[in-house]
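**Q** Pasting a structure below so you can have a look.
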Amino acid sequence: MLLKKSQLDYLAKKYNYPLYMIDRFSKMFSTFNELIDFLDANETPPPVAIRINTLKIAPEELIIRLSKKGFKLKDVPWISYVKIIDYAPYSLSSLPEYLLGYFFIQDLASVIPPMVLSPSEKDIVLDMCAAPGGKTTHLAQLMGNQGFLFAVDISNKRISALKSNLARMGIRNTIVFQFNAKNIHLLNIKFDKILLDAPCTGEGLIRVDKSRKWKRSIRDINFMSQIQYTLLERAVSVLKTGGTIVYSTCSTTPEENEFVISKLLKNHGNIHVEPIELPIGRRAYTSIFGKVLQKEIAGGIRLFPHTDNTIGFFVCKLKKVKHNA
């Protein structure tokens, strides 16, 4: 959708965005009404969700406990152990149940990458950018606290939060490493499954943090996409043949999502996209910003605030096959 300069200026002023962002958003949606719906949704906070830690408590038991304290919870149709908090009489993090590790507070979108990766208790799994641990603890939960889970993060401060959450949630199958995931090959380990929730510009977090509208530039987007591609290449290098990578970001920019995947597919004939089938999200772009991408990229999904009531998010599932496949 192409808008006139006057329309772009009006929307940039009304919603307090830099002009370049409004221009880009206008090209990501097919109608003016949908663009407005997206901008309006970004002005409202996302719902709070909790992931119940089934390693420690049955969902039914936690629901009863929270209900007795006045909390109102709503089901998520496609995942039984995640609930949306419809009403909270006081802070969730002040509850004994939180301190005991019975649940993790997170956005609904962030539970999707571990679900899609679907690790088993027999797998050797890598979480490349693990802190503060929402997805790491979810992976461990899906693995039944069995197998081997390697959690890597570069930040000392964030590693502390990761370790704290692992302890709180009762995770026992995880080994934590503090170093740059670009050097993951130095561990000399081949992994069955890898989660790369990549560092990004955070453009999808505007609902949570309005300052994100002005914090980043096109230069930042391009810089982050280079880091993301490097990390994804490293992931491919330590993935077993037949293994799976799930790539995700909390950014809405195609440069950090579809373009990164497209470059990987061009450079690695043994990597293919596996379609994600969930009753949430829409198909990833295969034509955007004047670029036509590989059709298989449509197997990835995008989540938007106005259609899914989440933060902006991208998820893609990749499979490594034999070179002659």
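Ordered as shown in the structure tokens, chains take letters A, B, and onward, while each chain numbers its residues from 1 and ligands are numbered from 1 in the order shown.
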Where does range 107-152 of chain A meet range 235-241 of chain A within 12 Å, residue by residue, with the nearest atom pair and distance in Å to one decimal for each, counting only C-alpha atoms, listed by chain and rising number, as a tab-separated table?
**A**
```
residue	atom	partner	partner_atom	distance
A:Asp123	CA	A:Lys240	CA	11.1
A:Ile124	CA	A:Lys240	CA	10.0
A:Val125	CA	A:Leu239	CA	9.6
A:Leu126	CA	A:Ala235	CA	9.0
A:Asp127	CA	A:Ala235	CA	10.0
A:Met128	CA	A:Ala235	CA	8.1
A:Cys129	CA	A:Ala235	CA	11.3
```
**Q** When you look at range 80-88 of chain A with a cut-off of 6 Å (counting only C-alpha atoms), what residues show up, excluding the ones that are within fewer than 5 positions of it in the same chain? I need them as a VMD selection string.
**A** chain A and resid 48 to 52 59 71 to 75
**Q** Leaving out Phe38 in chain A and any residue of its chain fewer than 6 positions from it, which residues lie within 10 Å of it when counting only C-alpha atoms, given as a ChimeraX atom specification?
**A** /A:25,29,32,304-307,312
**Q** What does the structure give for the distance between CA of Thr44 in chain A and CA of Asp308 in chain A, in Å to one decimal?
**A**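 It comes out at 13.1 Å.
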**Q** I need the strand (DSSP E) residues of range 165-282 of chain A per DSSP on the backbone, written as a VMD selection string.
**A** chain A and resid 174 to 178 191 to 197 239 to 249 271 to 274 282
**Q** Within 8 Å of range 112-117 of chain A, which residues of range 156-265 of chain A show up? Give each one with its shortest atom-to-atom distance in Å (one decimal) and the two atoms involved, counting only C-alpha atoms, rows by chain then rising residue number, as JSON lines.
**A**
```
{"residue": "A:Lys193", "atom": "CA", "partner": "A:Leu117", "partner_atom": "CA", "distance": 7.0}
{"residue": "A:Ile194", "atom": "CA", "partner": "A:Leu117", "partner_atom": "CA", "distance": 7.7}
{"residue": "A:Leu195", "atom": "CA", "partner": "A:Leu117", "partner_atom": "CA", "distance": 7.1}
{"residue": "A:Asp197", "atom": "CA", "partner": "A:Pro113", "partner_atom": "CA", "distance": 7.9}
{"residue": "A:Thr244", "atom": "CA", "partner": "A:Leu117", "partner_atom": "CA", "distance": 7.1}
{"residue": "A:Ile245", "atom": "CA", "partner": "A:Leu117", "partner_atom": "CA", "distance": 7.1}
{"residue": "A:Val246", "atom": "CA", "partner": "A:Leu117", "partner_atom": "CA", "distance": 5.9}
{"residue": "A:Tyr247", "atom": "CA", "partner": "A:Pro113", "partner_atom": "CA", "distance": 7.6}
{"residue": "A:Ser248", "atom": "CA", "partner": "A:Pro113", "partner_atom": "CA", "distance": 6.8}
```
**Q** Could you pull the residues within 6 Å of Val208 in chain A, counting only C-alpha atoms, minus those fewer than 2 positions along the same chain, as a list in words?
**A** Pro45, Leu205 and Ile206 of chain A
**Q** Can those selected residues be exported to a file as a PDB file, in the first residue's frame so that it contains C-alpha atoms?
**A**
```
ATOM      1  CA  PRO A  45      -0.290  -2.955  26.444  1.00  0.00           C
ATOM      2  CA  LEU A 205       8.017  -4.420  21.671  1.00  0.00           C
ATOM      3  CA  ILE A 206       6.438  -0.997  21.087  1.00  0.00           C
TER       4      ILE A 206
END
```
**Q** Using DSSP on the backbone, list every residue of range 5-52 of chain A that comes out as alpha helix (DSSP H), and give them as a PyMOL selection string.
**A** chain A and resi 5-15+19-28+32-41
**Q** Which polymer residues have any atom within 8 Å of an atom of range 13-17 of chain A, counting only C-alpha atoms, with same-chain residues fewer than 6 positions away left out, as a PyMOL selection string?
**A** chain A and resi 39+213-214
**Q** Could you list, as a count of residues only, every residue within 10 Å of Thr136 in chain A, counting only C-alpha atoms and ignoring same-chain residues fewer than 2 positions away?
**A** 26
**Q** Compile the contact shell of Phe259 in chain A as a PDB file with all heavy atoms, in the first residue's frame: residues with an atom at most 10 Å away, counting only C-alpha atoms, same-chain residues fewer than 3 positions apart removed.
**A**
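Written file, result_25.pdb:
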```pdb
ATOM      1  N   SER A 225      20.715  -7.250  11.607  1.00  0.00           N
ATOM      2  CA  SER A 225      20.504  -8.357  10.665  1.00  0.00           C
ATOM      3  C   SER A 225      21.805  -9.082  10.356  1.00  0.00           C
ATOM      4  O   SER A 225      21.818 -10.297  10.133  1.00  0.00           O
ATOM      5  CB  SER A 225      19.846  -7.851   9.377  1.00  0.00           C
ATOM      6  OG  SER A 225      20.741  -7.045   8.630  1.00  0.00           O
ATOM      7  N   TYR A 229      22.361 -13.030  11.166  1.00  0.00           N
ATOM      8  CA  TYR A 229      22.788 -13.995  10.156  1.00  0.00           C
ATOM      9  C   TYR A 229      24.026 -14.768  10.616  1.00  0.00           C
ATOM     10  O   TYR A 229      24.110 -15.988  10.429  1.00  0.00           O
ATOM     11  CB  TYR A 229      23.069 -13.307   8.815  1.00  0.00           C
ATOM     12  CG  TYR A 229      23.477 -14.312   7.763  1.00  0.00           C
ATOM     13  CD1 TYR A 229      22.524 -15.140   7.176  1.00  0.00           C
ATOM     14  CD2 TYR A 229      24.813 -14.476   7.414  1.00  0.00           C
ATOM     15  CE1 TYR A 229      22.898 -16.099   6.249  1.00  0.00           C
ATOM     16  CE2 TYR A 229      25.187 -15.431   6.485  1.00  0.00           C
ATOM     17  CZ  TYR A 229      24.226 -16.239   5.904  1.00  0.00           C
ATOM     18  OH  TYR A 229      24.591 -17.195   4.991  1.00  0.00           O
ATOM     19  N   THR A 253      10.596  -6.128  11.595  1.00  0.00           N
ATOM     20  CA  THR A 253      11.279  -5.736  10.360  1.00  0.00           C
ATOM     21  C   THR A 253      11.610  -6.950   9.493  1.00  0.00           C
ATOM     22  O   THR A 253      12.177  -7.926   9.984  1.00  0.00           O
ATOM     23  CB  THR A 253      12.584  -4.967  10.657  1.00  0.00           C
ATOM     24  OG1 THR A 253      13.560  -5.871  11.175  1.00  0.00           O
ATOM     25  CG2 THR A 253      12.365  -3.847  11.658  1.00  0.00           C
ATOM     26  N   PRO A 254      11.288  -6.915   8.211  1.00  0.00           N
ATOM     27  CA  PRO A 254      11.646  -8.021   7.310  1.00  0.00           C
ATOM     28  C   PRO A 254      13.150  -8.265   7.241  1.00  0.00           C
ATOM     29  O   PRO A 254      13.590  -9.400   7.061  1.00  0.00           O
ATOM     30  CB  PRO A 254      11.098  -7.558   5.954  1.00  0.00           C
ATOM     31  CG  PRO A 254       9.974  -6.633   6.299  1.00  0.00           C
ATOM     32  CD  PRO A 254      10.430  -5.915   7.538  1.00  0.00           C
ATOM     33  N   GLU A 255      13.946  -7.204   7.382  1.00  0.00           N
ATOM     34  CA  GLU A 255      15.400  -7.356   7.295  1.00  0.00           C
ATOM     35  C   GLU A 255      15.939  -8.290   8.377  1.00  0.00           C
ATOM     36  O   GLU A 255      16.946  -8.975   8.163  1.00  0.00           O
ATOM     37  CB  GLU A 255      16.090  -5.987   7.426  1.00  0.00           C
ATOM     38  CG  GLU A 255      15.872  -5.070   6.249  1.00  0.00           C
ATOM     39  CD  GLU A 255      14.640  -4.192   6.407  1.00  0.00           C
ATOM     40  OE1 GLU A 255      13.782  -4.508   7.258  1.00  0.00           O
ATOM     41  OE2 GLU A 255      14.521  -3.191   5.672  1.00  0.00           O
ATOM     42  N   GLU A 256      15.292  -8.303   9.539  1.00  0.00           N
ATOM     43  CA  GLU A 256      15.742  -9.137  10.661  1.00  0.00           C
ATOM     44  C   GLU A 256      15.091 -10.513  10.661  1.00  0.00           C
ATOM     45  O   GLU A 256      15.444 -11.359  11.484  1.00  0.00           O
ATOM     46  CB  GLU A 256      15.435  -8.438  11.984  1.00  0.00           C
ATOM     47  CG  GLU A 256      16.155  -7.116  12.164  1.00  0.00           C
ATOM     48  CD  GLU A 256      15.808  -6.461  13.483  1.00  0.00           C
ATOM     49  OE1 GLU A 256      16.413  -6.837  14.495  1.00  0.00           O
ATOM     50  OE2 GLU A 256      14.910  -5.579  13.489  1.00  0.00           O
ATOM     51  N   SER A 262      16.117 -15.878   4.072  1.00  0.00           N
ATOM     52  CA  SER A 262      16.343 -15.974   2.634  1.00  0.00           C
ATOM     53  C   SER A 262      17.830 -16.109   2.314  1.00  0.00           C
ATOM     54  O   SER A 262      18.234 -16.942   1.493  1.00  0.00           O
ATOM     55  CB  SER A 262      15.776 -14.734   1.939  1.00  0.00           C
ATOM     56  OG  SER A 262      16.027 -14.774   0.547  1.00  0.00           O
ATOM     57  N   LYS A 263      18.655 -15.306   2.975  1.00  0.00           N
ATOM     58  CA  LYS A 263      20.100 -15.372   2.752  1.00  0.00           C
ATOM     59  C   LYS A 263      20.645 -16.734   3.165  1.00  0.00           C
ATOM     60  O   LYS A 263      21.490 -17.319   2.471  1.00  0.00           O
ATOM     61  CB  LYS A 263      20.791 -14.255   3.530  1.00  0.00           C
ATOM     62  CG  LYS A 263      22.286 -14.177   3.302  1.00  0.00           C
ATOM     63  CD  LYS A 263      22.897 -12.989   4.058  1.00  0.00           C
ATOM     64  CE  LYS A 263      24.404 -12.913   3.854  1.00  0.00           C
ATOM     65  NZ  LYS A 263      24.990 -11.757   4.608  1.00  0.00           N
ATOM     66  N   LEU A 264      20.143 -17.266   4.274  1.00  0.00           N
ATOM     67  CA  LEU A 264      20.601 -18.578   4.737  1.00  0.00           C
ATOM     68  C   LEU A 264      20.245 -19.663   3.731  1.00  0.00           C
ATOM     69  O   LEU A 264      21.065 -20.535   3.420  1.00  0.00           O
ATOM     70  CB  LEU A 264      19.980 -18.900   6.098  1.00  0.00           C
ATOM     71  CG  LEU A 264      20.560 -20.139   6.778  1.00  0.00           C
ATOM     72  CD1 LEU A 264      21.905 -19.823   7.414  1.00  0.00           C
ATOM     73  CD2 LEU A 264      19.602 -20.691   7.831  1.00  0.00           C
ATOM     74  N   LEU A 265      19.030 -19.620   3.200  1.00  0.00           N
ATOM     75  CA  LEU A 265      18.605 -20.630   2.231  1.00  0.00           C
ATOM     76  C   LEU A 265      19.442 -20.559   0.957  1.00  0.00           C
ATOM     77  O   LEU A 265      19.773 -21.591   0.357  1.00  0.00           O
ATOM     78  CB  LEU A 265      17.121 -20.431   1.883  1.00  0.00           C
ATOM     79  CG  LEU A 265      16.108 -20.630   3.023  1.00  0.00           C
ATOM     80  CD1 LEU A 265      14.693 -20.363   2.518  1.00  0.00           C
ATOM     81  CD2 LEU A 265      16.214 -22.022   3.622  1.00  0.00           C
ATOM     82  N   TYR A 285       6.272 -13.144   5.069  1.00  0.00           N
ATOM     83  CA  TYR A 285       6.285 -12.514   3.754  1.00  0.00           C
ATOM     84  C   TYR A 285       7.173 -13.289   2.773  1.00  0.00           C
ATOM     85  O   TYR A 285       8.249 -13.772   3.129  1.00  0.00           O
ATOM     86  CB  TYR A 285       6.821 -11.092   3.840  1.00  0.00           C
ATOM     87  CG  TYR A 285       5.971 -10.132   4.636  1.00  0.00           C
ATOM     88  CD1 TYR A 285       6.480  -9.500   5.767  1.00  0.00           C
ATOM     89  CD2 TYR A 285       4.667  -9.841   4.256  1.00  0.00           C
ATOM     90  CE1 TYR A 285       5.715  -8.601   6.498  1.00  0.00           C
ATOM     91  CE2 TYR A 285       3.896  -8.948   4.985  1.00  0.00           C
ATOM     92  CZ  TYR A 285       4.424  -8.334   6.105  1.00  0.00           C
ATOM     93  OH  TYR A 285       3.652  -7.462   6.827  1.00  0.00           O
ATOM     94  N   THR A 286       6.716 -13.374   1.542  1.00  0.00           N
ATOM     95  CA  THR A 286       7.571 -13.870   0.464  1.00  0.00           C
ATOM     96  C   THR A 286       7.797 -12.781  -0.594  1.00  0.00           C
ATOM     97  O   THR A 286       8.553 -12.978  -1.539  1.00  0.00           O
ATOM     98  CB  THR A 286       6.966 -15.111  -0.211  1.00  0.00           C
ATOM     99  OG1 THR A 286       5.638 -14.811  -0.660  1.00  0.00           O
ATOM    100  CG2 THR A 286       6.916 -16.285   0.769  1.00  0.00           C
ATOM    101  N   ILE A 288       8.183  -8.480  -0.215  1.00  0.00           N
ATOM    102  CA  ILE A 288       8.081  -7.315   0.672  1.00  0.00           C
ATOM    103  C   ILE A 288       9.211  -6.340   0.347  1.00  0.00           C
ATOM    104  O   ILE A 288      10.323  -6.760   0.011  1.00  0.00           O
ATOM    105  CB  ILE A 288       8.144  -7.751   2.163  1.00  0.00           C
ATOM    106  CG1 ILE A 288       7.893  -6.579   3.095  1.00  0.00           C
ATOM    107  CG2 ILE A 288       9.452  -8.443   2.475  1.00  0.00           C
ATOM    108  CD1 ILE A 288       6.478  -6.082   3.144  1.00  0.00           C
ATOM    109  N   LYS A 291      11.277  -6.898  -2.773  1.00  0.00           N
ATOM    110  CA  LYS A 291      12.054  -8.122  -2.924  1.00  0.00           C
ATOM    111  C   LYS A 291      11.142  -9.341  -2.970  1.00  0.00           C
ATOM    112  O   LYS A 291      10.191  -9.435  -2.192  1.00  0.00           O
ATOM    113  CB  LYS A 291      13.047  -8.275  -1.765  1.00  0.00           C
ATOM    114  CG  LYS A 291      14.166  -7.242  -1.785  1.00  0.00           C
ATOM    115  CD  LYS A 291      15.243  -7.594  -0.763  1.00  0.00           C
ATOM    116  CE  LYS A 291      16.407  -6.621  -0.844  1.00  0.00           C
ATOM    117  NZ  LYS A 291      17.502  -6.996   0.090  1.00  0.00           N
ATOM    118  N   VAL A 292      11.431 -10.249  -3.887  1.00  0.00           N
ATOM    119  CA  VAL A 292      10.709 -11.516  -3.972  1.00  0.00           C
ATOM    120  C   VAL A 292      11.604 -12.594  -3.360  1.00  0.00           C
ATOM    121  O   VAL A 292      12.743 -12.782  -3.782  1.00  0.00           O
ATOM    122  CB  VAL A 292      10.358 -11.871  -5.431  1.00  0.00           C
ATOM    123  CG1 VAL A 292       9.674 -13.228  -5.492  1.00  0.00           C
ATOM    124  CG2 VAL A 292       9.456 -10.786  -6.036  1.00  0.00           C
ATOM    125  N   LEU A 293      11.071 -13.283  -2.372  1.00  0.00           N
ATOM    126  CA  LEU A 293      11.846 -14.265  -1.611  1.00  0.00           C
ATOM    127  C   LEU A 293      11.395 -15.679  -1.949  1.00  0.00           C
ATOM    128  O   LEU A 293      10.397 -15.882  -2.644  1.00  0.00           O
ATOM    129  CB  LEU A 293      11.683 -14.002  -0.110  1.00  0.00           C
ATOM    130  CG  LEU A 293      11.913 -12.558   0.349  1.00  0.00           C
ATOM    131  CD1 LEU A 293      11.588 -12.407   1.821  1.00  0.00           C
ATOM    132  CD2 LEU A 293      13.356 -12.125   0.072  1.00  0.00           C
ATOM    133  N   GLN A 294      12.123 -16.667  -1.434  1.00  0.00           N
ATOM    134  CA  GLN A 294      11.773 -18.063  -1.684  1.00  0.00           C
ATOM    135  C   GLN A 294      10.383 -18.359  -1.116  1.00  0.00           C
ATOM    136  O   GLN A 294      10.046 -17.943  -0.011  1.00  0.00           O
ATOM    137  CB  GLN A 294      12.812 -18.991  -1.033  1.00  0.00           C
ATOM    138  CG  GLN A 294      14.220 -18.817  -1.573  1.00  0.00           C
ATOM    139  CD  GLN A 294      15.052 -17.839  -0.751  1.00  0.00           C
ATOM    140  OE1 GLN A 294      14.535 -16.858  -0.212  1.00  0.00           O
ATOM    141  NE2 GLN A 294      16.348 -18.102  -0.659  1.00  0.00           N
ATOM    142  N   ILE A 297       9.632 -19.719   2.507  1.00  0.00           N
ATOM    143  CA  ILE A 297       9.692 -18.851   3.687  1.00  0.00           C
ATOM    144  C   ILE A 297       8.296 -18.610   4.257  1.00  0.00           C
ATOM    145  O   ILE A 297       8.143 -18.305   5.454  1.00  0.00           O
ATOM    146  CB  ILE A 297      10.415 -17.531   3.339  1.00  0.00           C
ATOM    147  CG1 ILE A 297      11.898 -17.812   3.056  1.00  0.00           C
ATOM    148  CG2 ILE A 297      10.295 -16.507   4.472  1.00  0.00           C
ATOM    149  CD1 ILE A 297      12.698 -16.608   2.602  1.00  0.00           C
TER     150      ILE A 297
END
```
**Q** To one decimal place in Å, what is the distance between CA of Glu274 in chain A and CA of Asn183 in chain A?
**A**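 Computing the Euclidean distance for CA of Glu274 in chain A and CA of Asn183 in chain A yields 26.4 Å.
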**Q** One number please: CA of Gly202 in chain A to CA of Asp153 in chain A, in Å, one decimal.
**A**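 Computed distance, CA of Gly202 in chain A to CA of Asp153 in chain A, equals 17.5 Å.
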**Q** Name the closest residue to Asn267 in chain A among the candidates A:Ser155, A:Asp40, A:Leu232, A:Leu19; distances are taken between atoms, counting only C-alpha atoms.
**A**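 That would be A:Leu232, the residue with the smallest distance to Asn267 in chain A.
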